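Report on the following structure.
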Amino acid sequence: MNALLALLMIVTGAAHSSPRIALLDLSPRADVNVPAYRMVRESLRDELRTQGFDVVMTTVTYDSLQRHDNIADYYVEITSAERDAGQDGVSVGVGTRGAGVEVGAVTGVAHAELRLFDGRTLDLIRSYDLENHSTGLAPTSIGTGGRNVFASIFIAPIFERVQMRNAARAVARDAARRIAGDLARP
């Protein structure tokens, strides 16, 4: 009998389900770096799912929402997203007669501002201003040559991108943790 009751609850939707959060699309009024926005949005989707939420990415913006849309229980809008990367001033060159490599500290920075809205009323629940830095040692350039010819390739941007992605994931993880905490409060 209990199995039949459980099946009936699932079919009728009476079983408890995870709150649904819709990640809104980029608003034309948002101040964002599009690659940073995408990194933060995709990472936020994954982190909110890890927190137990049912997450959908929509093509709807906050400005186009109507109170009766019922897409989700909550909406998240990313209103600002930036990223930056660079090398710290310290690097070390190591080489032999025909080749060399320079190793330095590479840093990625991600910054995002998010807003959490109630899905029924569209009222602002909370806004978040988050930033994270990620730094690691990496080769920044490689070179080869001889007495008369020398060629060097600057490869730091490859590793800067990795650090920016790490920083964006950390921002998303912090946002998901804060959102989960705020929604757990009565």
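All residue names refer to the structure tokens as shown: chains lettered A, B, ... in order, residues numbered from 1 in each chain, ligands numbered from 1 in order.
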Q: Could you give me, as a count of residues only, the residues within 6 Å of A:Gly98, counting only C-alpha atoms and dropping anything in the same chain fewer than 3 positions from it?
A: 3
**Q.** Selection: 12 Å around stretch 117-125 of chain A, only C-alpha atoms, excl. self and same-chain fewer than 3 positions, as JSON, numbers by chain
**A.** {"A": [19, 20, 21, 22, 23, 24, 62, 63, 64, 65, 66, 67, 68, 69, 70, 71, 72, 73, 74, 75, 76, 77, 78, 114, 128, 178, 179, 182, 183, 185]}
**Q.** Every residue of chain A that DSSP places in helix (DSSP H, G or I), as number ranges by chain
**A.** A: 2-12, 34-50, 62-64, 156-184
Q) Of the candidates A:Glu102, A:Ala184, A:Val109, A:Ala168, which shows the shortest atom-to-atom distance to A:Arg41, using only C-alpha atoms? A)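 Distance minimum relative to A:Arg41 lands on A:Ala168.
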Q. Could you write out, as an MDAnalysis selection string, all the residues of chain A that DSSP marks as strand (DSSP E)?
A. chainID A and resid 20:23 31:32 54:57 74:95 99:118 124:145 150:154
Q | Nearby residues (only C-alpha atoms) at most 7 Å from A:Ser141, same-chain spacing under 5 positions excluded, as number ranges by chain | A | A: 101-102, 152-156
Residues just named, written with C-alpha atoms as a JSON list (two decimals), in the first residue's frame:
```json
[["chain", "number", "residue", "atom", "x", "y", "z"],
["A", 101, "VAL", "CA", 61.61, 28.58, -20.47],
["A", 102, "GLU", "CA", 60.39, 31.38, -18.26],
["A", 152, "SER", "CA", 60.51, 33.02, -28.26],
["A", 153, "ILE", "CA", 56.79, 32.32, -27.83],
["A", 154, "PHE", "CA", 54.74, 33.97, -25.12],
["A", 155, "ILE", "CA", 52.38, 31.27, -23.76],
["A", 156, "ALA", "CA", 51.09, 32.92, -20.57]]
```
**Q.** Nearest to A:Pro35, chosen from A:Arg177, A:His133, A:Arg161, A:Arg126, with only C-alpha atoms counted in the distances
**A.** A:Arg161
Q | Interatomic distance (Å, one decimal) between atom CA of A:Arg115 and atom CA of A:Ser17 | A | 23.2 Å
